[in-house]
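Next comes upload20.txt, a file with compact mmCIF, C-alpha atoms and all ligand atoms.
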```txt
# COMPACT_ATOMS: atom_id res chain seq x y z
CA MET A 1 200.11 -42.09 -199.28
CA HIS A 2 198.18 -39.71 -201.43
CA PRO A 3 194.58 -39.59 -200.27
CA GLY A 4 191.83 -39.59 -202.84
CA ALA A 5 190.19 -36.30 -203.68
CA HIS A 6 186.66 -35.75 -202.55
CA ARG A 7 184.60 -35.32 -205.69
CA ASP A 8 181.62 -33.36 -204.58
CA PRO A 9 182.40 -31.62 -201.36
CA ASN A 10 180.25 -29.05 -199.60
CA GLY A 11 180.98 -26.12 -197.37
CA CYS A 12 184.44 -24.97 -196.35
CA CYS A 13 183.62 -23.11 -193.22
CA PRO A 14 184.06 -25.22 -190.15
CA ARG A 15 182.56 -23.46 -187.21
CA ALA A 16 185.10 -23.52 -184.48
CA GLY A 17 182.80 -23.80 -181.52
CA PRO A 18 183.94 -22.79 -178.09
CA GLY A 19 184.81 -25.65 -175.73
CA ARG A 20 183.10 -26.60 -172.53
CA ARG A 21 184.53 -23.49 -170.94
CA ALA A 22 182.30 -21.48 -173.21
CA HIS A 23 181.25 -19.26 -170.35
CA ARG A 24 184.72 -17.73 -170.51
CA ALA A 25 184.74 -16.88 -174.17
CA LYS A 26 182.23 -15.15 -176.36
CA LYS A 27 180.60 -17.57 -178.78
CA ARG A 28 181.47 -16.47 -182.28
CA PRO A 29 181.72 -18.71 -185.31
CA VAL A 30 184.97 -18.24 -187.20
CA CYS A 31 185.80 -19.19 -190.78
CA PHE A 32 189.18 -20.32 -192.02
CA LEU A 33 189.62 -19.10 -195.60
CA PRO A 34 192.86 -20.75 -196.67
CA ASP A 35 193.43 -18.70 -199.84
CA VAL A 36 193.17 -15.53 -197.76
CA ASP A 37 194.38 -16.61 -194.32
CA GLY A 38 197.01 -19.11 -195.43
CA HIS A 39 197.42 -20.91 -192.14
CA ILE A 40 195.62 -21.13 -188.84
CA GLY A 41 196.89 -21.59 -185.29
CA ILE A 42 194.60 -22.75 -182.52
CA TYR A 43 195.73 -21.76 -179.07
CA GLY A 44 194.16 -22.81 -175.80
CA THR A 45 194.84 -24.04 -172.32
CA GLY A 46 194.81 -27.75 -171.48
CA GLY A 47 191.48 -29.36 -172.26
CA SER A 48 190.08 -26.26 -173.95
CA GLY A 49 189.16 -28.10 -177.16
CA LYS A 50 192.22 -27.65 -179.41
CA SER A 51 192.38 -31.22 -180.68
CA VAL A 52 188.66 -31.28 -181.33
CA ALA A 53 188.94 -28.00 -183.26
CA LEU A 54 191.72 -29.48 -185.42
CA ARG A 55 189.73 -32.62 -186.13
CA THR A 56 186.64 -30.56 -186.90
CA LEU A 57 188.62 -28.52 -189.39
CA ALA A 58 189.98 -31.68 -191.02
CA ILE A 59 186.54 -33.23 -191.34
CA ALA A 60 185.00 -30.00 -192.63
CA ALA A 61 187.77 -29.69 -195.21
CA GLY A 62 186.52 -32.88 -196.84
CA ARG A 63 182.99 -31.57 -197.12
CA THR A 64 183.79 -28.30 -198.74
CA SER A 65 182.55 -26.91 -202.01
CA ALA A 66 183.92 -23.41 -201.52
CA GLY A 67 187.52 -24.55 -201.12
CA GLY A 68 187.55 -27.45 -203.59
CA PRO A 69 189.07 -30.90 -203.10
CA VAL A 70 191.45 -31.28 -200.17
CA ALA A 71 194.00 -33.78 -198.95
CA VAL A 72 194.64 -33.75 -195.22
CA TYR A 73 197.85 -34.95 -193.58
CA GLY A 74 198.68 -34.78 -189.92
CA LEU A 75 201.30 -34.96 -187.23
CA ASP A 76 200.21 -35.78 -183.72
CA PHE A 77 202.55 -34.56 -181.01
CA ALA A 78 199.82 -34.21 -178.40
CA ALA A 79 198.00 -37.53 -178.21
CA GLY A 80 195.10 -35.61 -179.70
CA SER A 81 193.97 -38.68 -181.64
CA PRO A 82 193.83 -37.15 -185.13
CA ARG A 83 194.65 -40.69 -186.32
CA MET A 84 190.97 -41.48 -185.95
CA LEU A 85 190.62 -39.38 -189.11
CA GLU A 86 192.72 -41.72 -191.25
CA PRO A 87 189.79 -43.78 -192.58
CA LEU A 88 188.28 -40.66 -194.15
CA PRO A 89 188.72 -40.64 -197.92
CA HIS A 90 190.36 -37.22 -198.02
CA VAL A 91 192.77 -37.96 -195.18
CA GLY A 92 196.22 -39.37 -195.84
CA SER A 93 198.97 -40.24 -193.44
CA ILE A 94 198.70 -39.07 -189.83
CA GLY A 95 202.03 -39.62 -188.12
CA GLY A 96 202.53 -39.97 -184.39
CA GLY A 97 205.21 -37.73 -182.89
CA ASP A 98 207.58 -40.69 -182.45
CA ASP A 99 207.05 -42.06 -185.95
CA ILE A 100 210.12 -40.39 -187.38
CA GLU A 101 210.21 -42.24 -190.69
CA ARG A 102 206.60 -41.44 -191.38
CA ILE A 103 207.15 -37.78 -190.56
CA ILE A 104 210.13 -37.63 -192.91
CA ARG A 105 208.13 -39.34 -195.66
CA LEU A 106 205.43 -36.72 -195.22
CA PHE A 107 207.88 -33.82 -195.38
CA ARG A 108 209.54 -35.36 -198.44
CA LEU A 109 206.14 -35.44 -200.13
CA LEU A 110 205.39 -31.86 -199.09
CA LYS A 111 208.78 -30.66 -200.32
CA ALA A 112 208.16 -32.26 -203.70
CA GLU A 113 204.72 -30.64 -203.84
CA LEU A 114 206.15 -27.23 -202.95
CA GLU A 115 208.71 -27.47 -205.74
CA ALA A 116 206.37 -28.87 -208.36
CA ARG A 117 203.61 -26.40 -207.58
CA GLY A 118 206.05 -23.49 -207.47
CA ASN A 119 206.86 -24.18 -211.12
CA ARG A 120 203.39 -25.10 -212.31
CA PHE A 121 201.61 -22.22 -210.57
CA ALA A 122 204.19 -19.73 -211.88
CA GLU A 123 203.72 -21.03 -215.43
CA ALA A 124 199.99 -20.58 -215.09
CA THR A 125 200.52 -17.16 -213.44
CA ALA A 126 198.29 -18.32 -210.60
CA SER A 127 198.61 -16.78 -207.16
CA THR A 128 196.24 -19.15 -205.36
CA ILE A 129 195.12 -22.72 -205.91
CA ALA A 130 191.69 -21.43 -206.90
CA GLU A 131 193.30 -19.43 -209.70
CA TYR A 132 195.48 -22.36 -210.72
CA ARG A 133 192.51 -24.71 -210.99
CA ALA A 134 190.76 -22.23 -213.27
CA LEU A 135 193.74 -21.02 -215.32
CA ALA A 136 195.32 -24.45 -215.86
CA ASN A 137 191.93 -26.14 -216.19
CA ARG A 138 192.80 -28.54 -213.41
CA PRO A 139 189.76 -28.39 -211.12
CA ASN A 140 190.88 -31.48 -209.22
CA GLU A 141 194.22 -30.09 -208.08
CA LEU A 142 194.25 -30.94 -204.39
CA ARG A 143 194.53 -28.34 -201.74
CA ILE A 144 196.78 -29.72 -198.99
CA LEU A 145 196.07 -29.24 -195.31
CA LEU A 146 198.78 -30.19 -192.83
CA LEU A 147 197.49 -30.66 -189.30
CA ILE A 148 199.92 -30.43 -186.40
CA ASP A 149 198.63 -31.14 -182.91
CA GLY A 150 201.08 -30.17 -180.17
CA PHE A 151 203.06 -27.57 -182.07
CA ALA A 152 205.54 -26.83 -179.24
CA ALA A 153 206.61 -30.48 -179.05
CA PHE A 154 206.95 -30.68 -182.84
CA ARG A 155 209.15 -27.61 -182.85
CA GLU A 156 211.26 -28.86 -179.96
CA ASP A 157 211.84 -32.23 -181.66
CA TRP A 158 212.46 -30.98 -185.18
CA GLU A 159 213.65 -27.38 -185.34
CA VAL A 160 217.32 -27.85 -184.50
CA ALA A 161 217.98 -31.59 -184.16
CA SER A 162 220.59 -32.73 -186.63
CA GLY A 163 219.14 -34.68 -189.53
CA ARG A 164 215.77 -33.13 -188.80
CA SER A 165 216.21 -29.38 -189.11
CA ASN A 166 216.24 -29.63 -192.92
CA TRP A 167 212.74 -31.10 -192.71
CA TYR A 168 211.69 -28.32 -190.35
CA ASP A 169 212.88 -25.95 -193.09
CA VAL A 170 210.27 -27.54 -195.35
CA PHE A 171 207.69 -26.66 -192.73
CA ARG A 172 209.04 -23.08 -192.72
CA SER A 173 208.77 -22.93 -196.51
CA ILE A 174 205.15 -24.01 -196.25
CA LEU A 175 204.48 -21.21 -193.78
CA ALA A 176 206.17 -18.74 -196.11
CA ASP A 177 204.91 -19.87 -199.53
CA GLY A 178 202.12 -22.34 -198.86
CA ARG A 179 199.19 -19.98 -199.13
CA GLN A 180 199.84 -19.18 -202.81
CA LEU A 181 200.41 -22.88 -203.57
CA GLY A 182 197.37 -24.32 -201.80
CA ILE A 183 199.43 -25.91 -199.01
CA HIS A 184 198.21 -24.85 -195.59
CA VAL A 185 199.15 -25.55 -192.01
CA THR A 186 196.74 -25.74 -189.15
CA PHE A 187 198.32 -26.29 -185.78
CA ALA A 188 197.28 -26.40 -182.14
CA ALA A 189 199.46 -25.10 -179.33
CA ASP A 190 199.16 -24.83 -175.60
CA LEU A 191 198.54 -21.50 -174.06
CA ALA A 192 200.27 -21.56 -170.71
CA SER A 193 198.04 -20.07 -168.05
CA PRO A 194 199.88 -18.95 -164.93
CA ARG A 195 198.51 -20.99 -162.08
CA MET A 196 196.77 -18.93 -159.47
CA ALA A 197 196.58 -19.80 -155.79
CA LEU A 198 193.72 -18.40 -153.73
CA VAL A 199 193.61 -18.60 -149.97
CA VAL A 200 190.40 -18.02 -148.02
CA GLU A 201 190.85 -17.68 -144.28
CA ASN A 202 187.96 -18.81 -142.10
CA LEU A 203 185.43 -19.65 -144.79
CA ALA A 204 182.57 -19.33 -142.27
CA ASP A 205 183.13 -15.56 -142.13
CA PHE A 206 181.81 -15.32 -145.68
CA LEU A 207 178.68 -17.36 -145.12
CA GLN A 208 175.58 -15.28 -145.95
CA ALA A 209 177.84 -12.25 -146.19
CA PRO A 210 177.79 -10.06 -149.35
CA ALA A 211 180.59 -12.10 -150.98
CA ASP A 212 178.91 -15.49 -150.36
CA ALA A 213 177.36 -16.03 -153.81
CA ALA A 214 180.38 -14.65 -155.63
CA LEU A 215 182.66 -16.97 -153.68
CA VAL A 216 180.49 -19.98 -154.56
CA GLU A 217 180.87 -19.06 -158.24
CA LEU A 218 184.60 -18.58 -157.80
CA ILE A 219 184.97 -21.99 -156.17
CA LYS A 220 183.07 -23.62 -159.05
CA HIS A 221 185.33 -21.92 -161.59
CA VAL A 222 188.48 -22.92 -159.76
CA MET A 223 187.30 -26.56 -159.60
CA ARG A 224 187.09 -26.61 -163.40
CA SER A 225 190.47 -24.95 -163.88
CA ASN A 226 194.03 -25.74 -162.95
CA HIS A 227 194.10 -23.03 -160.31
CA PHE A 228 194.47 -23.80 -156.65
CA LEU A 229 192.17 -22.74 -153.85
CA VAL A 230 192.51 -23.46 -150.18
CA ALA A 231 190.10 -22.44 -147.44
CA ASP A 232 190.27 -23.07 -143.72
CA GLY A 233 187.91 -23.02 -140.77
CA GLU A 234 186.95 -24.75 -137.53
CA THR A 235 185.90 -28.35 -138.14
CA ALA A 236 182.47 -27.63 -136.63
CA SER A 237 181.75 -24.89 -139.20
CA TRP A 238 182.48 -27.31 -142.07
CA ASN A 239 179.44 -29.34 -141.08
CA SER A 240 177.39 -26.65 -142.79
CA SER A 241 175.49 -27.69 -145.89
CA TRP A 242 175.30 -24.20 -147.38
CA PRO A 243 176.57 -24.09 -150.98
CA LEU A 244 179.70 -22.22 -149.86
CA PHE A 245 180.80 -25.26 -147.85
CA ALA A 246 179.15 -27.90 -150.01
CA GLU A 247 181.14 -26.76 -153.08
CA MET A 248 184.42 -26.94 -151.18
CA LYS A 249 183.63 -30.33 -149.67
CA ASN A 250 182.66 -31.71 -153.09
CA SER A 251 186.35 -31.77 -153.95
CA ARG A 252 186.73 -34.50 -151.29
CA ARG A 253 190.18 -33.18 -150.75
CA GLY A 254 191.43 -31.64 -147.57
CA LEU A 255 193.51 -31.76 -144.46
CA LEU A 256 191.63 -32.59 -141.26
CA LEU A 257 193.59 -31.56 -138.19
CA GLN A 258 192.99 -33.57 -135.00
CA PRO A 259 189.91 -35.18 -136.56
CA ASP A 260 187.36 -37.51 -135.06
CA THR A 261 187.03 -40.75 -137.02
CA ILE A 262 183.55 -39.85 -138.23
CA GLU A 263 184.62 -36.48 -139.67
CA GLY A 264 186.16 -38.10 -142.73
CA ASP A 265 182.73 -39.30 -143.81
CA ILE A 266 180.88 -36.18 -142.75
CA LEU A 267 183.23 -33.58 -144.24
CA LEU A 268 184.94 -35.22 -147.20
CA LYS A 269 182.81 -38.30 -147.87
CA THR A 270 185.92 -40.38 -147.28
CA PRO A 271 186.04 -42.87 -144.41
CA LEU A 272 188.94 -42.55 -141.99
CA PRO A 273 190.44 -45.51 -140.15
CA ARG A 274 189.64 -45.70 -136.44
CA LEU A 275 191.66 -42.92 -134.84
CA ASP A 276 192.95 -42.59 -131.31
CA ARG A 277 192.68 -38.93 -130.39
CA ALA A 278 195.68 -39.30 -128.06
CA GLU A 279 197.87 -39.85 -131.14
CA PHE A 280 196.92 -36.47 -132.57
CA PRO A 281 198.87 -33.63 -130.97
CA PRO A 282 198.51 -30.12 -132.50
CA GLY A 283 199.58 -30.09 -136.15
CA ARG A 284 198.82 -33.76 -136.75
CA GLY A 285 196.00 -34.64 -139.08
CA MET A 286 194.69 -36.75 -141.92
CA MET A 287 195.29 -35.74 -145.50
CA VAL A 288 192.36 -36.77 -147.71
CA ALA A 289 192.52 -36.83 -151.50
CA GLY A 290 191.13 -39.02 -154.25
CA GLY A 291 189.53 -41.38 -151.76
CA LYS A 292 192.86 -42.02 -150.00
CA VAL A 293 193.88 -40.93 -146.51
CA LEU A 294 197.30 -40.33 -145.09
CA ARG A 295 198.39 -39.38 -141.56
CA VAL A 296 200.55 -36.24 -141.66
CA GLN A 297 202.29 -33.91 -139.21
CA LEU A 298 202.49 -30.27 -140.29
CA PRO A 299 205.74 -28.46 -139.57
CA LEU A 300 205.44 -25.53 -137.20
CA VAL A 301 206.74 -22.33 -138.76
CA GLU A 302 208.64 -20.40 -136.08
N1 LIG B 1 183.24 -27.44 -179.11
C1 LIG B 1 183.09 -28.29 -178.11
N2 LIG B 1 181.90 -28.47 -177.51
C2 LIG B 1 181.77 -29.34 -176.49
N3 LIG B 1 182.75 -30.08 -176.00
C3 LIG B 1 183.96 -29.95 -176.54
C4 LIG B 1 184.19 -29.04 -177.62
N4 LIG B 1 185.50 -29.11 -177.95
C5 LIG B 1 186.03 -30.00 -177.12
N5 LIG B 1 185.12 -30.52 -176.29
C6 LIG B 1 185.39 -31.53 -175.25
O1 LIG B 1 186.35 -31.02 -174.36
C7 LIG B 1 187.29 -32.01 -174.02
C8 LIG B 1 188.70 -31.54 -174.35
O2 LIG B 1 188.82 -31.37 -175.76
P1 LIG B 1 190.22 -31.53 -176.48
O3 LIG B 1 190.82 -32.86 -176.21
O4 LIG B 1 190.03 -31.14 -177.89
O5 LIG B 1 191.05 -30.39 -175.72
P2 LIG B 1 192.59 -30.04 -175.91
O6 LIG B 1 192.70 -28.56 -175.81
O7 LIG B 1 193.14 -30.66 -177.13
O8 LIG B 1 193.20 -30.73 -174.62
P3 LIG B 1 194.74 -31.04 -174.33
O9 LIG B 1 195.34 -29.74 -173.88
O10 LIG B 1 194.67 -32.04 -173.22
O11 LIG B 1 195.36 -31.57 -175.58
C9 LIG B 1 186.88 -33.26 -174.76
O12 LIG B 1 186.18 -34.11 -173.86
C10 LIG B 1 185.99 -32.79 -175.85
O13 LIG B 1 185.02 -33.74 -176.18
MG MG B 2 194.72 -31.98 -177.35
```
Output the file's structure in the form of structure tokens.
Ligand SMILES: Nc1ncnc2c1ncn2[C@@H]1O[C@H](COP(=O)(O)OP(=O)(O)OP(=O)(O)O)[C@@H](O)[C@H]1O
Ligand SMILES: [Mg+2]
Amino acid sequence: MHPGAHRDPNGCCPRAGPGRRAHRAKKRPVCFLPDVDGHIGIYGTGGSGKSVALRTLAIAAGRTSAGGPVAVYGLDFAAGSPRMLEPLPHVGSIGGGDDIERIIRLFRLLKAELEARGNRFAEATASTIAEYRALANRPNELRILLLIDGFAAFREDWEVASGRSNWYDVFRSILADGRQLGIHVTFAADLASPRMALVVENLADFLQAPADAALVELIKHVMRSNHFLVADGETASWNSSWPLFAEMKNSRRGLLLQPDTIEGDILLKTPLPRLDRAEFPPGRGMMVAGGKVLRVQLPLVE
């Protein structure tokens, strides 16, 4: 279970690059200095690059000269595929969130390390692993990095459950004492972003108006986020190929009220079955999403 130490590693400063939503955040390389920082939490919304940042850190840890030899262990509660790291020489066990025995084995190992290092480091009067390596003349003492992807799920499963909470206490001890003993946690957690709903009435009113370009940008941003935007307008106006309409229609998702058969193709690039206009009283339409169509009747709010 113990991974081999990397003998001649280089560079301990993984650059946590911003994800594909870089336009939202300022690009600024950050360094994790475990003897100073102790632990690192990576927070982000869904798909913002948390798992990649964790994996990058784990890979960089094995190439470090500044931080010395490292052993990486991991727990994956987020299907973030840190297991792909297992073949690396400095990476040990990476347990899936449902692999309870493996997780317990890992915490047993970490508990033993905490206890053994507590004694050894105190004897050497070392307050970091760097000091211990020098003072005890043990340059190959491994720094330990525990990766946890999906921190909220880990906490939910292990903090209070009977038979598990004692292992969560080991995790707490690492948070409290790990920095001085060269045992560090790096975890990723979801940042909940309140979902926003935007409603644009009669989209055509904004065409070539002062807000046109800004609205086009807004639509593009919303498409890449988990927010919700709905716009309405007369069917005829949606024929427009201006970016304002093109961006909305690109979603290929909409509700066409009293449509002609051909309007599915024209407006949402989704063919509609042959429709009999007589079967479409006010409020009846075709819901189009993901290439599928469904006949719907909207309720009339009195
Ligand atoms: N620094 C980066 N530069 C470019 N692309 C990135 C970067 N980080 C992540 N990505 C890409 O963004 C996507 C999402 O990354 P990742 O899976 O790490 O996000 P996540 O925050 O863990 O998502 P989830 O919330 O679903 O767990 C992936 O396709 C990944 O390749
Ligand atoms: Mg992830």
Exercise for review: Considering only C-alpha atoms, return as a VMD selection string whatever protein or nucleic-acid residues lie within 12 Å of stretch 249-262 of chain A, sequence-local ones (same chain, fewer than 6 positions apart) excluded.
Suggested key: chain A and resid 203 216 219 to 220 222 to 224 228 to 243 268 to 298
Exercise for review: Write out as a PyMOL selection string each polymer residue (protein, DNA or RNA) that has an atom no more than 10 Å from ligand MG 2 (chain B), with only C-alpha atoms and all ligand atoms counted.
Suggested key: chain A and resi 44-54+76-82+149-150+188-190
Review point. Around (190.0, -27.3, -186.5) in the file's own coordinates, what residues are found within 9 Å if you use only C-alpha atoms, given back as a PyMOL selection string?
Key: chain A and resi 14-16+32+40+42+50-60+147+186-188
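Nearest to A:Asp205 of all the residues A:Phe245, A:Thr128, A:Val72, A:Asp177 is A:Phe245, counting only C-alpha atoms.
Minimum atom-to-atom distance to ligand LIG 1 (chain B), evaluated using all atoms listed in the file, belongs to A:Asn226 out of A:Ala134, A:Leu207, A:Ala246, A:Asn226.
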Exercise for review: Kindly indicate which residue among A:Glu101, A:Tyr43, A:Leu142, A:Cys31 lies nearest to ligand LIG 1 (chain B), using only C-alpha atoms and all ligand atoms for the distances.
Suggested key: A:Tyr43
Give me the box for ligand LIG 1 (chain B) as AutoDock Vina command-line options, namely the centre and edge lengths in Å to one decimal of a box along x, y and z that holds every listed atom plus 6 Å on each side.
```
--center_x 188.6 --center_y -30.8 --center_z -176.2 --size_x 25.6 --size_y 18.7 --size_z 17.9
```
Would you fill the gaps in stretch 169-199 of chain A so it has N, CA and C atoms, then print it as an mmCIF file, in the coordinates of the input?
```cif
data_model
loop_
_atom_site.group_PDB
_atom_site.id
_atom_site.type_symbol
_atom_site.label_atom_id
_atom_site.label_comp_id
_atom_site.auth_asym_id
_atom_site.auth_seq_id
_atom_site.Cartn_x
_atom_site.Cartn_y
_atom_site.Cartn_z
ATOM 1 N N ASP A 169 212.811 -27.025 -192.084
ATOM 2 C CA ASP A 169 212.880 -25.950 -193.090
ATOM 3 C C ASP A 169 211.763 -26.088 -194.125
ATOM 4 N N VAL A 170 211.395 -27.336 -194.427
ATOM 5 C CA VAL A 170 210.270 -27.540 -195.350
ATOM 6 C C VAL A 170 209.005 -26.968 -194.739
ATOM 7 N N PHE A 171 208.848 -27.217 -193.440
ATOM 8 C CA PHE A 171 207.690 -26.660 -192.730
ATOM 9 C C PHE A 171 207.714 -25.132 -192.811
ATOM 10 N N ARG A 172 208.911 -24.543 -192.617
ATOM 11 C CA ARG A 172 209.040 -23.080 -192.720
ATOM 12 C C ARG A 172 208.650 -22.584 -194.114
ATOM 13 N N SER A 173 209.101 -23.341 -195.127
ATOM 14 C CA SER A 173 208.770 -22.930 -196.510
ATOM 15 C C SER A 173 207.257 -22.968 -196.728
ATOM 16 N N ILE A 174 206.613 -23.947 -196.118
ATOM 17 C CA ILE A 174 205.150 -24.010 -196.250
ATOM 18 C C ILE A 174 204.527 -22.783 -195.621
ATOM 19 N N LEU A 175 205.020 -22.414 -194.435
ATOM 20 C CA LEU A 175 204.480 -21.210 -193.780
ATOM 21 C C LEU A 175 204.677 -19.985 -194.670
ATOM 22 N N ALA A 176 205.848 -19.927 -195.315
ATOM 23 C CA ALA A 176 206.170 -18.740 -196.110
ATOM 24 C C ALA A 176 205.419 -18.721 -197.441
ATOM 25 N N ASP A 177 205.409 -19.863 -198.149
ATOM 26 C CA ASP A 177 204.910 -19.870 -199.530
ATOM 27 C C ASP A 177 203.647 -20.674 -199.734
ATOM 28 N N GLY A 178 203.213 -21.387 -198.693
ATOM 29 C CA GLY A 178 202.120 -22.340 -198.860
ATOM 30 C C GLY A 178 200.813 -21.731 -199.321
ATOM 31 N N ARG A 179 200.505 -20.560 -198.812
ATOM 32 C CA ARG A 179 199.190 -19.980 -199.130
ATOM 33 C C ARG A 179 198.983 -19.871 -200.645
ATOM 34 N N GLN A 180 199.988 -19.356 -201.371
ATOM 35 C CA GLN A 180 199.840 -19.180 -202.810
ATOM 36 C C GLN A 180 199.800 -20.509 -203.548
ATOM 37 N N LEU A 181 200.289 -21.581 -202.889
ATOM 38 C CA LEU A 181 200.410 -22.880 -203.570
ATOM 39 C C LEU A 181 199.352 -23.880 -203.092
ATOM 40 N N GLY A 182 198.429 -23.413 -202.260
ATOM 41 C CA GLY A 182 197.370 -24.320 -201.800
ATOM 42 C C GLY A 182 197.879 -25.354 -200.811
ATOM 43 N N ILE A 183 198.930 -25.005 -200.054
ATOM 44 C CA ILE A 183 199.430 -25.910 -199.010
ATOM 45 C C ILE A 183 199.371 -25.139 -197.690
ATOM 46 N N HIS A 184 198.540 -25.633 -196.790
ATOM 47 C CA HIS A 184 198.210 -24.850 -195.590
ATOM 48 C C HIS A 184 198.512 -25.645 -194.335
ATOM 49 N N VAL A 185 198.889 -24.919 -193.307
ATOM 50 C CA VAL A 185 199.150 -25.550 -192.010
ATOM 51 C C VAL A 185 198.066 -25.137 -191.044
ATOM 52 N N THR A 186 197.582 -26.088 -190.269
ATOM 53 C CA THR A 186 196.740 -25.740 -189.150
ATOM 54 C C THR A 186 197.308 -26.449 -187.932
ATOM 55 N N PHE A 187 197.683 -25.673 -186.935
ATOM 56 C CA PHE A 187 198.320 -26.290 -185.780
ATOM 57 C C PHE A 187 197.637 -25.878 -184.493
ATOM 58 N N ALA A 188 197.813 -26.704 -183.471
ATOM 59 C CA ALA A 188 197.280 -26.400 -182.140
ATOM 60 C C ALA A 188 198.446 -26.296 -181.170
ATOM 61 N N ALA A 189 198.377 -25.311 -180.295
ATOM 62 C CA ALA A 189 199.460 -25.100 -179.330
ATOM 63 C C ALA A 189 198.882 -24.727 -177.980
ATOM 64 N N ASP A 190 199.610 -25.133 -176.963
ATOM 65 C CA ASP A 190 199.160 -24.830 -175.600
ATOM 66 C C ASP A 190 199.388 -23.375 -175.258
ATOM 67 N N LEU A 191 198.410 -22.837 -174.589
ATOM 68 C CA LEU A 191 198.540 -21.500 -174.060
ATOM 69 C C LEU A 191 198.789 -21.689 -172.568
ATOM 70 N N ALA A 192 199.993 -21.355 -172.129
ATOM 71 C CA ALA A 192 200.270 -21.560 -170.710
ATOM 72 C C ALA A 192 199.465 -20.563 -169.900
ATOM 73 N N SER A 193 198.756 -21.030 -168.893
ATOM 74 C CA SER A 193 198.040 -20.070 -168.050
ATOM 75 C C SER A 193 198.713 -20.084 -166.687
ATOM 76 N N PRO A 194 199.201 -18.923 -166.219
ATOM 77 C CA PRO A 194 199.880 -18.950 -164.930
ATOM 78 C C PRO A 194 198.936 -19.446 -163.868
ATOM 79 N N ARG A 195 199.366 -20.385 -163.078
ATOM 80 C CA ARG A 195 198.510 -20.990 -162.080
ATOM 81 C C ARG A 195 198.326 -20.011 -160.932
ATOM 82 N N MET A 196 197.081 -19.895 -160.504
ATOM 83 C CA MET A 196 196.770 -18.930 -159.470
ATOM 84 C C MET A 196 196.457 -19.690 -158.187
ATOM 85 N N ALA A 197 196.935 -19.197 -157.072
ATOM 86 C CA ALA A 197 196.580 -19.800 -155.790
ATOM 87 C C ALA A 197 195.753 -18.805 -154.985
ATOM 88 N N LEU A 198 194.599 -19.256 -154.520
ATOM 89 C CA LEU A 198 193.720 -18.400 -153.730
ATOM 90 C C LEU A 198 193.612 -18.980 -152.326
ATOM 91 N N VAL A 199 193.705 -18.140 -151.348
ATOM 92 C CA VAL A 199 193.610 -18.600 -149.970
ATOM 93 C C VAL A 199 192.453 -17.859 -149.278
#
```
